[in-house]
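Participant: Compact mmCIF, C-alpha atoms, file work.txt:
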```
# COMPACT_ATOMS: atom_id res chain seq x y z
CA MET A 1 -113.29 -155.53 129.96
CA LYS A 2 -114.47 -158.52 131.91
CA HIS A 3 -116.60 -161.21 130.30
CA LEU A 4 -119.94 -162.05 131.87
CA HIS A 5 -122.32 -165.01 131.52
CA ARG A 6 -123.30 -164.14 127.94
CA SER A 7 -120.70 -163.75 125.24
CA ASP A 8 -122.26 -160.44 124.19
CA LEU A 9 -121.85 -158.80 127.58
CA ARG A 10 -118.82 -157.03 129.01
CA ALA A 11 -118.22 -155.18 132.26
CA TRP A 12 -115.77 -152.97 134.05
CA SER A 13 -115.58 -152.08 137.71
CA ILE A 14 -114.11 -149.60 140.15
CA PHE A 15 -113.70 -150.52 143.80
CA ASP A 16 -115.43 -148.03 146.09
CA GLU A 17 -113.55 -147.62 149.36
CA SER A 18 -116.43 -145.98 151.21
CA ARG A 19 -118.66 -149.06 150.77
CA ASP A 20 -116.09 -151.81 150.15
CA ILE A 21 -117.84 -152.93 146.99
CA ASP A 22 -117.17 -152.74 143.29
CA PHE A 23 -119.19 -150.30 141.25
CA ASN A 24 -119.95 -151.90 137.88
CA THR A 25 -120.86 -151.05 134.33
CA VAL A 26 -122.47 -153.49 131.92
CA ALA A 27 -122.01 -153.19 128.17
CA TRP A 28 -124.27 -155.08 125.76
CA ILE A 29 -122.33 -155.64 122.54
CA ARG A 30 -124.66 -155.68 119.53
CA ASP A 31 -124.24 -155.45 115.77
CA ALA A 32 -126.86 -152.71 115.80
CA GLY A 33 -124.89 -150.64 118.33
CA ASN A 34 -123.60 -151.23 121.83
CA VAL A 35 -125.51 -150.23 124.94
CA LEU A 36 -123.74 -149.05 128.09
CA ILE A 37 -125.53 -148.93 131.44
CA ASP A 38 -124.33 -146.49 134.10
CA PRO A 39 -120.86 -146.19 132.58
CA LEU A 40 -117.98 -145.61 134.97
CA PRO A 41 -114.76 -143.96 133.83
CA MET A 42 -112.80 -146.41 131.65
CA SER A 43 -109.14 -147.36 131.58
CA ASP A 44 -107.31 -146.80 128.30
CA HIS A 45 -107.26 -150.57 127.88
CA ASP A 46 -111.03 -150.98 128.23
CA LEU A 47 -111.72 -147.89 126.16
CA ALA A 48 -109.62 -149.24 123.28
CA GLN A 49 -111.44 -152.56 123.54
CA LEU A 50 -114.84 -150.91 123.49
CA ALA A 51 -113.85 -148.76 120.52
CA GLU A 52 -112.71 -151.91 118.72
CA LEU A 53 -116.13 -153.44 119.44
CA GLY A 54 -117.89 -150.44 117.93
CA GLY A 55 -118.02 -147.90 120.73
CA ALA A 56 -121.52 -147.20 122.01
CA SER A 57 -124.75 -146.03 120.44
CA GLU A 58 -126.89 -145.97 123.58
CA ILE A 59 -126.10 -145.04 127.16
CA VAL A 60 -128.68 -145.63 129.88
CA ILE A 61 -128.40 -143.90 133.24
CA THR A 62 -130.56 -145.65 135.84
CA ASN A 63 -130.62 -142.75 138.30
CA SER A 64 -129.03 -139.35 138.90
CA ASP A 65 -126.44 -140.80 141.29
CA HIS A 66 -125.10 -143.02 138.48
CA ILE A 67 -124.24 -140.39 135.89
CA ARG A 68 -120.59 -141.27 136.42
CA ALA A 69 -118.73 -140.91 133.06
CA ALA A 70 -121.87 -141.00 130.90
CA THR A 71 -121.46 -137.50 129.49
CA GLU A 72 -117.84 -137.96 128.36
CA LEU A 73 -118.55 -141.37 126.84
CA ALA A 74 -121.69 -140.14 125.08
CA GLN A 75 -119.62 -137.36 123.52
CA ARG A 76 -116.77 -139.63 122.58
CA PHE A 77 -118.97 -142.20 120.85
CA ALA A 78 -121.84 -139.94 119.77
CA ALA A 79 -124.16 -142.13 121.82
CA LYS A 80 -127.74 -141.34 122.70
CA LEU A 81 -128.26 -140.67 126.42
CA SER A 82 -131.35 -141.98 128.22
CA GLY A 83 -132.37 -141.27 131.81
CA PRO A 84 -135.31 -141.94 134.11
CA ALA A 85 -138.45 -140.03 133.12
CA ALA A 86 -139.37 -139.46 136.76
CA GLU A 87 -136.16 -137.43 137.22
CA ARG A 88 -136.53 -135.42 134.02
CA ASP A 89 -137.03 -132.06 135.75
CA SER A 90 -134.15 -132.40 138.19
CA PHE A 91 -131.64 -134.67 136.48
CA GLY A 92 -129.01 -131.99 135.87
CA LEU A 93 -128.11 -133.47 132.50
CA ALA A 94 -129.97 -133.16 129.22
CA CYS A 95 -130.78 -136.67 128.05
CA ASP A 96 -131.94 -137.48 124.54
CA ALA A 97 -134.68 -139.74 125.87
CA TRP A 98 -136.49 -140.27 129.17
CA LEU A 99 -137.49 -143.82 130.00
CA SER A 100 -140.34 -145.16 132.04
CA ASP A 101 -141.99 -148.44 132.81
CA GLY A 102 -142.65 -150.62 129.77
CA ASP A 103 -140.27 -148.77 127.44
CA GLU A 104 -137.54 -150.51 125.50
CA VAL A 105 -134.04 -149.05 125.21
CA VAL A 106 -133.50 -151.19 122.12
CA PRO A 107 -135.32 -154.36 121.13
CA GLY A 108 -134.79 -156.96 123.86
CA LEU A 109 -133.82 -154.49 126.58
CA GLY A 110 -136.92 -153.58 128.54
CA VAL A 111 -137.37 -150.96 131.25
CA LEU A 112 -138.92 -151.38 134.68
CA GLU A 113 -139.30 -148.48 137.08
CA MET A 114 -138.38 -149.05 140.71
CA HIS A 115 -140.14 -147.01 143.35
CA GLY A 116 -139.15 -145.90 146.81
CA SER A 117 -135.40 -145.86 146.07
CA LYS A 118 -133.28 -142.80 146.80
CA THR A 119 -134.38 -141.20 143.52
CA PRO A 120 -137.80 -141.39 141.84
CA GLY A 121 -138.42 -143.88 139.05
CA GLU A 122 -135.00 -145.53 139.18
CA LEU A 123 -134.54 -147.67 136.09
CA CYS A 124 -134.02 -151.40 136.12
CA LEU A 125 -133.43 -153.23 132.86
CA LEU A 126 -134.45 -156.68 131.72
CA LEU A 127 -132.33 -158.15 128.96
CA GLU A 128 -134.10 -160.75 126.87
CA GLY A 129 -136.18 -161.93 129.79
CA ALA A 130 -133.37 -163.57 131.73
CA THR A 131 -130.85 -160.95 132.84
CA VAL A 132 -131.78 -158.13 135.20
CA ILE A 133 -129.49 -155.09 135.33
CA THR A 134 -130.03 -152.94 138.40
CA GLY A 135 -129.08 -149.41 139.37
CA ASP A 136 -128.97 -148.68 143.09
CA LEU A 137 -131.98 -150.25 144.80
CA VAL A 138 -130.93 -153.88 144.41
CA ARG A 139 -127.26 -154.49 145.14
CA GLY A 140 -124.75 -157.12 146.20
CA GLN A 141 -122.84 -156.14 149.34
CA THR A 142 -121.90 -159.76 150.03
CA GLY A 143 -121.17 -162.50 147.53
CA GLY A 144 -124.01 -164.78 146.46
CA ALA A 145 -126.91 -162.72 147.82
CA LEU A 146 -128.78 -159.55 146.99
CA ASN A 147 -129.63 -156.73 149.37
CA LEU A 148 -131.58 -153.49 149.28
CA LEU A 149 -130.21 -150.01 149.73
CA PRO A 150 -130.05 -149.27 153.46
CA ASP A 151 -133.37 -148.07 154.94
CA ALA A 152 -131.91 -144.64 155.64
CA LYS A 153 -131.45 -144.10 151.90
CA LEU A 154 -134.89 -145.28 150.82
CA THR A 155 -137.61 -142.69 150.32
CA ASP A 156 -140.37 -145.29 150.74
CA LYS A 157 -139.45 -148.73 151.98
CA ARG A 158 -142.90 -150.20 151.30
CA ALA A 159 -142.77 -149.06 147.67
CA ALA A 160 -139.19 -150.32 147.34
CA THR A 161 -140.18 -153.74 148.67
CA GLU A 162 -143.11 -153.79 146.28
CA SER A 163 -140.76 -153.06 143.36
CA VAL A 164 -138.50 -155.93 144.39
CA ARG A 165 -141.51 -158.23 144.69
CA ARG A 166 -142.48 -157.31 141.18
CA LEU A 167 -138.98 -158.17 139.93
CA ALA A 168 -139.01 -161.42 141.88
CA ALA A 169 -142.32 -162.40 140.30
CA ILE A 170 -140.84 -162.37 136.79
CA GLY A 171 -140.24 -165.94 135.72
CA GLY A 172 -137.05 -167.15 134.08
CA ILE A 173 -134.52 -164.74 135.56
CA GLU A 174 -131.03 -166.24 135.61
CA ALA A 175 -128.68 -163.35 136.22
CA VAL A 176 -128.87 -160.19 138.27
CA LEU A 177 -126.12 -157.75 137.35
CA VAL A 178 -126.02 -155.07 139.99
CA GLY A 179 -124.70 -151.56 139.56
CA ASP A 180 -123.07 -151.82 142.97
CA GLY A 181 -121.57 -154.98 144.44
CA TRP A 182 -121.27 -158.61 143.39
CA PRO A 183 -123.20 -159.75 140.32
CA MET A 184 -125.14 -163.02 140.33
CA PHE A 185 -124.75 -164.95 137.10
CA SER A 186 -127.11 -167.78 137.91
CA HIS A 187 -130.04 -168.46 140.24
CA GLY A 188 -130.74 -164.73 140.24
CA GLY A 189 -134.50 -165.32 140.31
CA ALA A 190 -134.18 -167.27 143.56
CA ALA A 191 -132.01 -164.52 145.05
CA LEU A 192 -134.62 -161.91 144.13
CA LYS A 193 -137.33 -164.04 145.73
CA ALA A 194 -135.20 -164.38 148.87
CA LEU A 195 -134.72 -160.61 148.94
CA ALA A 196 -138.43 -159.96 148.42
CA ALA A 197 -139.23 -162.31 151.32
CA THR A 198 -137.08 -160.43 153.84
CA MET B 1 -111.79 -155.27 151.19
CA LYS B 2 -114.77 -156.89 149.58
CA HIS B 3 -117.11 -159.13 151.57
CA LEU B 4 -117.72 -162.64 150.31
CA HIS B 5 -120.39 -165.25 151.08
CA ARG B 6 -119.15 -165.83 154.64
CA SER B 7 -118.83 -162.99 157.11
CA ASP B 8 -115.31 -164.12 157.99
CA LEU B 9 -113.97 -163.87 154.45
CA ARG B 10 -112.65 -160.80 152.65
CA ALA B 11 -111.11 -160.31 149.22
CA TRP B 12 -109.31 -157.82 147.07
CA SER B 13 -108.72 -157.86 143.35
CA ILE B 14 -106.60 -156.38 140.59
CA PHE B 15 -107.83 -156.36 137.02
CA ASP B 16 -105.36 -158.03 134.66
CA GLU B 17 -105.39 -156.39 131.25
CA SER B 18 -103.61 -159.24 129.50
CA ARG B 19 -106.40 -161.71 130.34
CA ASP B 20 -109.36 -159.37 131.00
CA ILE B 21 -110.05 -160.96 134.36
CA ASP B 22 -109.63 -159.97 137.98
CA PHE B 23 -106.86 -161.58 139.95
CA ASN B 24 -108.11 -162.20 143.48
CA THR B 25 -106.90 -162.72 147.01
CA VAL B 26 -108.98 -164.34 149.74
CA ALA B 27 -108.44 -163.54 153.41
CA TRP B 28 -109.89 -165.75 156.13
CA ILE B 29 -110.40 -163.60 159.23
CA ARG B 30 -109.97 -165.66 162.41
CA ASP B 31 -109.51 -164.91 166.08
CA ALA B 32 -106.53 -167.25 166.02
CA GLY B 33 -104.86 -165.30 163.18
CA ASN B 34 -105.85 -164.39 159.65
CA VAL B 35 -104.89 -166.46 156.63
CA LEU B 36 -104.15 -164.85 153.26
CA ILE B 37 -104.10 -166.88 150.07
CA ASP B 38 -102.00 -165.71 147.12
CA PRO B 39 -101.93 -162.10 148.35
CA LEU B 40 -101.84 -159.39 145.71
CA PRO B 41 -100.46 -155.93 146.44
CA MET B 42 -102.91 -154.04 148.66
CA SER B 43 -104.22 -150.50 148.55
CA ASP B 44 -103.61 -148.35 151.63
CA HIS B 45 -107.32 -148.61 152.36
CA ASP B 46 -107.37 -152.42 152.32
CA LEU B 47 -104.09 -152.64 154.17
CA ALA B 48 -105.42 -150.44 156.99
CA GLN B 49 -108.55 -152.59 157.15
CA LEU B 50 -106.55 -155.81 157.31
CA ALA B 51 -104.30 -154.35 160.01
CA GLU B 52 -107.41 -153.39 161.97
CA LEU B 53 -108.62 -156.98 161.64
CA GLY B 54 -105.36 -158.32 163.03
CA GLY B 55 -103.04 -158.45 160.04
CA ALA B 56 -102.07 -161.95 158.98
CA SER B 57 -100.46 -164.91 160.69
CA GLU B 58 -100.43 -167.29 157.72
CA ILE B 59 -99.85 -166.72 154.02
CA VAL B 60 -100.38 -169.56 151.57
CA ILE B 61 -98.95 -169.41 148.06
CA THR B 62 -100.66 -171.94 145.82
CA ASN B 63 -97.96 -171.92 143.13
CA SER B 64 -94.80 -170.09 142.12
CA ASP B 65 -96.70 -167.86 139.68
CA HIS B 66 -98.81 -166.51 142.53
CA ILE B 67 -96.10 -165.17 144.84
CA ARG B 68 -97.40 -161.69 144.11
CA ALA B 69 -96.95 -159.53 147.25
CA ALA B 70 -96.56 -162.47 149.66
CA THR B 71 -93.02 -161.59 150.73
CA GLU B 72 -93.78 -157.95 151.61
CA LEU B 73 -96.98 -158.86 153.47
CA ALA B 74 -95.28 -161.70 155.35
CA GLN B 75 -92.61 -159.26 156.50
CA ARG B 76 -95.11 -156.55 157.42
CA PHE B 77 -97.30 -158.85 159.52
CA ALA B 78 -94.66 -161.38 160.62
CA ALA B 79 -96.75 -164.06 158.93
CA LYS B 80 -95.66 -167.61 158.27
CA LEU B 81 -95.24 -168.38 154.56
CA SER B 82 -96.34 -171.72 153.12
CA GLY B 83 -95.82 -172.96 149.58
CA PRO B 84 -96.35 -176.15 147.57
CA ALA B 85 -94.06 -178.99 148.65
CA ALA B 86 -93.67 -180.16 145.05
CA GLU B 87 -92.02 -176.83 144.17
CA ARG B 88 -89.75 -176.72 147.21
CA ASP B 89 -86.51 -177.04 145.25
CA SER B 90 -87.33 -174.43 142.63
CA PHE B 91 -89.70 -172.00 144.34
CA GLY B 92 -87.29 -169.09 144.52
CA LEU B 93 -88.58 -168.07 147.93
CA ALA B 94 -87.83 -169.60 151.29
CA CYS B 95 -91.14 -170.65 152.80
CA ASP B 96 -91.55 -171.59 156.46
CA ALA B 97 -93.62 -174.61 155.52
CA TRP B 98 -94.20 -176.77 152.44
CA LEU B 99 -97.68 -178.14 151.98
CA SER B 100 -98.89 -181.25 150.29
CA ASP B 101 -102.03 -183.30 149.94
CA GLY B 102 -103.88 -183.91 153.19
CA ASP B 103 -102.12 -181.16 155.17
CA GLU B 104 -104.00 -178.47 157.04
CA VAL B 105 -102.86 -174.83 156.92
CA VAL B 106 -104.79 -174.22 160.12
CA PRO B 107 -107.69 -176.25 161.52
CA GLY B 108 -110.53 -176.21 158.98
CA LEU B 109 -108.39 -175.24 156.00
CA GLY B 110 -107.31 -178.38 154.20
CA VAL B 111 -104.88 -178.82 151.35
CA LEU B 112 -105.40 -180.68 148.09
CA GLU B 113 -102.66 -180.99 145.49
CA MET B 114 -103.59 -180.42 141.86
CA HIS B 115 -101.60 -182.22 139.20
CA GLY B 116 -100.87 -181.40 135.58
CA SER B 117 -101.14 -177.64 136.04
CA LYS B 118 -98.38 -175.30 134.89
CA THR B 119 -96.43 -175.95 138.10
CA PRO B 120 -96.14 -179.22 140.04
CA GLY B 121 -98.35 -179.83 143.07
CA GLU B 122 -100.34 -176.60 142.82
CA LEU B 123 -102.27 -176.10 146.04
CA CYS B 124 -106.02 -175.96 146.26
CA LEU B 125 -107.65 -175.26 149.63
CA LEU B 126 -110.89 -176.51 151.12
CA LEU B 127 -112.35 -174.32 153.83
CA GLU B 128 -114.60 -176.15 156.26
CA GLY B 129 -115.77 -178.57 153.61
CA ALA B 130 -117.83 -176.09 151.61
CA THR B 131 -115.57 -173.43 150.09
CA VAL B 132 -112.87 -174.29 147.57
CA ILE B 133 -110.10 -171.75 147.02
CA THR B 134 -108.14 -172.33 143.83
CA GLY B 135 -104.81 -171.15 142.49
CA ASP B 136 -104.39 -171.27 138.74
CA LEU B 137 -105.76 -174.54 137.39
CA VAL B 138 -109.45 -173.82 138.01
CA ARG B 139 -110.47 -170.30 137.06
CA GLY B 140 -113.43 -168.15 136.02
CA GLN B 141 -112.89 -166.45 132.69
CA THR B 142 -116.62 -165.89 132.22
CA GLY B 143 -119.24 -165.22 134.88
CA GLY B 144 -121.10 -168.17 136.37
CA ALA B 145 -118.88 -170.97 135.06
CA LEU B 146 -115.48 -172.45 135.75
CA ASN B 147 -112.78 -173.23 133.23
CA LEU B 148 -109.36 -174.86 133.17
CA LEU B 149 -106.07 -173.21 132.35
CA PRO B 150 -105.64 -173.30 128.56
CA ASP B 151 -104.23 -176.58 127.27
CA ALA B 152 -101.02 -174.86 126.17
CA LYS B 153 -100.23 -174.05 129.79
CA LEU B 154 -100.97 -177.48 131.24
CA THR B 155 -98.09 -179.88 131.72
CA ASP B 156 -100.42 -182.90 131.73
CA LYS B 157 -104.03 -182.43 130.70
CA ARG B 158 -105.07 -185.91 131.79
CA ALA B 159 -103.68 -185.37 135.29
CA ALA B 160 -105.28 -181.92 135.43
CA THR B 161 -108.67 -183.33 134.49
CA GLU B 162 -108.24 -186.06 137.09
CA SER B 163 -107.53 -183.41 139.74
CA VAL B 164 -110.69 -181.53 138.78
CA ARG B 165 -112.70 -184.77 138.90
CA ARG B 166 -111.40 -185.35 142.39
CA LEU B 167 -112.52 -181.86 143.45
CA ALA B 168 -115.89 -182.35 141.78
CA ALA B 169 -116.40 -185.59 143.68
CA ILE B 170 -116.26 -183.83 147.05
CA GLY B 171 -119.79 -183.48 148.37
CA GLY B 172 -121.20 -180.28 149.85
CA ILE B 173 -119.18 -177.68 147.98
CA GLU B 174 -121.02 -174.37 147.78
CA ALA B 175 -118.43 -171.80 146.77
CA VAL B 176 -115.43 -171.88 144.47
CA LEU B 177 -113.24 -168.83 144.99
CA VAL B 178 -110.79 -168.69 142.12
CA GLY B 179 -107.40 -167.02 142.15
CA ASP B 180 -108.09 -165.71 138.67
CA GLY B 181 -111.50 -164.64 137.36
CA TRP B 182 -115.06 -164.61 138.70
CA PRO B 183 -115.75 -166.37 141.97
CA MET B 184 -118.80 -168.61 142.39
CA PHE B 185 -120.49 -168.14 145.73
CA SER B 186 -123.12 -170.81 145.33
CA HIS B 187 -123.67 -173.97 143.30
CA GLY B 188 -119.90 -174.32 143.04
CA GLY B 189 -120.09 -178.10 143.31
CA ALA B 190 -122.33 -178.25 140.22
CA ALA B 191 -119.93 -175.96 138.34
CA LEU B 192 -117.00 -178.24 139.25
CA LYS B 193 -118.96 -181.26 138.04
CA ALA B 194 -119.75 -179.44 134.79
CA LEU B 195 -116.06 -178.61 134.37
CA ALA B 196 -115.01 -182.18 135.12
CA ALA B 197 -117.46 -183.45 132.49
CA THR B 198 -116.02 -181.34 129.66
```
Could you rewrite the structure in this file as C-alpha cells?
Facilitator:
Amino acid sequence: MKHLHRSDLRAWSIFDESRDIDFNTVAWIRDAGNVLIDPLPMSDHDLAQLAELGGASEIVITNSDHIRAATELAQRFAAKLSGPAAERDSFGLACDAWLSDGDEVVPGLGVLEMHGSKTPGELCLLLEGATVITGDLVRGQTGGALNLLPDAKLTDKRAATESVRRLAAIGGIEAVLVGDGWPMFSHGGAALKALAAT
Amino acid sequence: MKHLHRSDLRAWSIFDESRDIDFNTVAWIRDAGNVLIDPLPMSDHDLAQLAELGGASEIVITNSDHIRAATELAQRFAAKLSGPAAERDSFGLACDAWLSDGDEVVPGLGVLEMHGSKTPGELCLLLEGATVITGDLVRGQTGGALNLLPDAKLTDKRAATESVRRLAAIGGIEAVLVGDGWPMFSHGGAALKALAAT
C-alpha cells in the first residue's frame, strides 16, 4: 500500500480507463482497529500488508456507487460496515450502521453529509480536523486542484455547492484525499476554497 | 493517461510492490512532437490515447535504471532516444543523443545533471521554468513531501545534497513530478528547499 502524508494512513488505487483517473481507497491504521474507506479490490501484496497491520475493524462506504470490494473485505476481516443513512432504504447492502451528519465512525473520524451529489447524503469524513476524505462529489481530475462531479451527475447543483462551501469554511484543513482522482496532501483548505468560489 | 497540473501533460503509473510507491512516466504533449520521460510499459488504453495524441518524437531516459519500456516505445513511434552523457560508455542502449547540464531536449525543456546518485550524471528536467521532472535521486515516498534516495544507494551523499540545493535554489518552481512516488503539483519549490535543508 502507498504511504500518505500521515504515517498512520495507507492507500491503494486502481486506474479507471473510462475517466482517466485513479480510484482510491484510504486506510487509517489504528491500534484500536483499522478503518477502510470505500475499499477497492486489493492485490495479494496489499492484502497481506493490511492483514499484517491488523486487517480492518470498520469499513465506511460513502455512497452506493462506492461499494466496490467492501462486502468481501468486511467478511474477510469481520469488519463492521457503515453506509450513508440517507441511502438506507435503497442501498442494496445491509450495513451494520448508517451514518449521518455529526456522527463519528470512531473517535477522531467525523462524518459530514454532502447534499446534491448523485446519491443522497453522500458521506465525507474529517480525520482529526485536518484531513478530509471524500467520496464522489469532490474529486481530483487534474493534479493540484479539486473539481466537482460534472453537472449532469449532480441531483442539485446549488445544494452541492453549498456542501462544498461548508467544507471550505472548516479551518485547518491540510489534506483532501479524494475517492476519485489526485489527492492533495497540503494546502487542501485553499483548494476547497477555490472550488467553492467557482 | 492521467491529467496533471498542466493541460499539456499526461502520466501513467505502475505500482511497485518492492517499494510501495508508484513508478511514473510524464508525457509532454506538443504540436511539434510529444516527449516521454522514463516511459514505463503502457496499457492498450494509454497506448491508444498516446497514439491519438501523436505518439512520441522524443524519449528521455534519466538514468540507466529507468530504461523501462523506452526501447519498444522508441521503435513503435520512431522516437529519438536521449540518455545521460555521463553514462554513455556503460548505458547498454544506443541512444541518439547524450544529454548533459545546460542542454535542451526541445525548446522549453532544459537539462540539469544530478551528481552523487546511484548512476553518474542522472538527468533532471526543468519544463518552462516551473515544473521539475526527476529521475531517481529526488522521489516521493510519502504524500506531500520529497525525499532522497536512501544513503545506501547514493554514490556520494555530499554531491547529491549539493545537486538538490542547486535545484532548490531555482526560483519559481511549482511542481515536482518524480519518477518514483507521489508527485507534487504545487509548492514544489518549498518542498525542494525543505529537502535541501535536511
Participant: Between CA of His115 (chain B) and CA of Ser100 (chain B), what is the distance, to one decimal in Å?
Facilitator: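 Computed distance, CA of His115 (chain B) to CA of Ser100 (chain B), equals 11.5 Å.
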Participant: Set out as CSV a contact list for chain B and chain A with a cut-off of 6 Å, giving each residue of chain B that qualifies its closest atom pair and distance in Å to one decimal, counting all atoms listed in the file, ordered by chain and rising residue number.
Facilitator:
```
residue,atom,partner,partner_atom,distance
B:Met1,CA,A:Asp20,CA,5.6
B:Lys2,CA,A:Asp20,CA,5.3
B:His3,CA,A:Thr142,CA,5.1
B:Leu4,CA,A:Gly143,CA,4.4
B:His5,CA,A:Gly143,CA,4.6
B:Asp20,CA,A:Lys2,CA,5.3
B:Ile21,CA,A:Lys2,CA,5.6
B:Thr142,CA,A:His3,CA,5.1
B:Gly143,CA,A:Leu4,CA,4.4
B:Gly144,CA,A:Phe185,CA,4.9
B:Phe185,CA,A:Gly144,CA,4.9
```
Participant: One decimal, in Å: what's the spacing between CA of Gly54 (chain A) and CA of Val35 (chain A)?
Facilitator: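 Interatomic distance, CA of Gly54 (chain A) to CA of Val35 (chain A): 10.4 Å.
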Participant: Pick out the closest residue to Ala32 (chain B) from this set: B:Ala94, B:Cys124, B:Leu192, B:Val106. Count all atoms listed in the file.
Facilitator: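 Residue with the minimum atom-to-atom distance to Ala32 (chain B): B:Val106.
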Participant: Restricting the calculation to all atoms listed in the file, which member of A:Glu113, A:Glu87, A:Glu104, A:Asp65 is positioned closest to Glu162 (chain A)?
Facilitator: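 The shortest atom-to-atom distance to Glu162 (chain A) comes from A:Glu113.
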Participant: Which neighbours of Gly172 (chain B) fall inside 9 Å, counting all atoms listed in the file, when residues of the same chain fewer than 5 positions from it are skipped, and could you give them as a ChimeraX atom specification?
Facilitator: /B:129-131,189
Participant: Quick check, in Å to one decimal: how far apart do CA of Thr155 (chain B) and CA of Val132 (chain B) lie?
Facilitator: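 Those two atoms sit 22.4 Å apart.
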Participant: Using only C-alpha atoms, which protein or nucleic acid residues come within 9 Å of Gly33 (chain B)? Drop anything in the same chain fewer than 3 positions from it, and give the result as an NGL selection string.
Facilitator: :B and (28-30 or 54-58)
Participant: Print the selection's residues with C-alpha atoms to a file, as a short mmCIF file (atom, residue, chain, number, x, y, z; two decimals), in the coordinates of the input.
Facilitator:
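The resulting file, out-v9.cif, is shown below:
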```cif
data_model
loop_
_atom_site.label_atom_id
_atom_site.label_comp_id
_atom_site.auth_asym_id
_atom_site.auth_seq_id
_atom_site.Cartn_x
_atom_site.Cartn_y
_atom_site.Cartn_z
CA TRP B 28 -109.89 -165.75 156.13
CA ILE B 29 -110.40 -163.60 159.23
CA ARG B 30 -109.97 -165.66 162.41
CA GLY B 54 -105.36 -158.32 163.03
CA GLY B 55 -103.04 -158.45 160.04
CA ALA B 56 -102.07 -161.95 158.98
CA SER B 57 -100.46 -164.91 160.69
CA GLU B 58 -100.43 -167.29 157.72
#
```
Participant: For Leu123 (chain B), which residue among B:Ala86, B:Leu149, B:Leu40, B:Ile173 is the nearest when counting only C-alpha atoms?
Facilitator: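 Smallest separation from Leu123 (chain B) among the options: B:Ala86.
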Participant: For Thr25 (chain A), which of A:Arg68, A:Cys95, A:Gln75, A:Gln49 is the closest residue, counting all atoms listed in the file?
Facilitator: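 Result for the nearest residue to Thr25 (chain A): A:Arg68.
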Participant: Which of these, B:Pro39, B:Gly102, B:Gly188, B:Gly179, has the shortest distance to Leu137 (chain B) once you count only C-alpha atoms?
Facilitator: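 Ranked by minimum distance to Leu137 (chain B), first place goes to B:Gly179.
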Participant: Do a neighbour search on Arg166 (chain A) at 10 Å with only C-alpha atoms, toss out local chain neighbours closer than 5 positions, and write the hits as a ChimeraX atom specification.
Facilitator: /A:112,114,160-161,192-193,196
Participant: Go ahead and write the selection's residues with C-alpha atoms as a PDB file, keeping the file's coordinate frame.
Facilitator:
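The new file out-v6.pdb reads:
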```pdb
ATOM      1  CA  LEU A 112    -138.920-151.380 134.680  1.00  0.00           C
ATOM      2  CA  MET A 114    -138.380-149.050 140.710  1.00  0.00           C
ATOM      3  CA  ALA A 160    -139.190-150.320 147.340  1.00  0.00           C
ATOM      4  CA  THR A 161    -140.180-153.740 148.670  1.00  0.00           C
ATOM      5  CA  LEU A 192    -134.620-161.910 144.130  1.00  0.00           C
ATOM      6  CA  LYS A 193    -137.330-164.040 145.730  1.00  0.00           C
ATOM      7  CA  ALA A 196    -138.430-159.960 148.420  1.00  0.00           C
TER       8      ALA A 196
END
```
Participant: Pick out the closest residue to Leu146 (chain A) from this set: A:Ala169, A:Leu127, A:Ala190, A:Ala159. Count all atoms listed in the file.
Facilitator: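 Among A:Ala169, A:Leu127, A:Ala190, A:Ala159, it is A:Ala190 that comes nearest to Leu146 (chain A).
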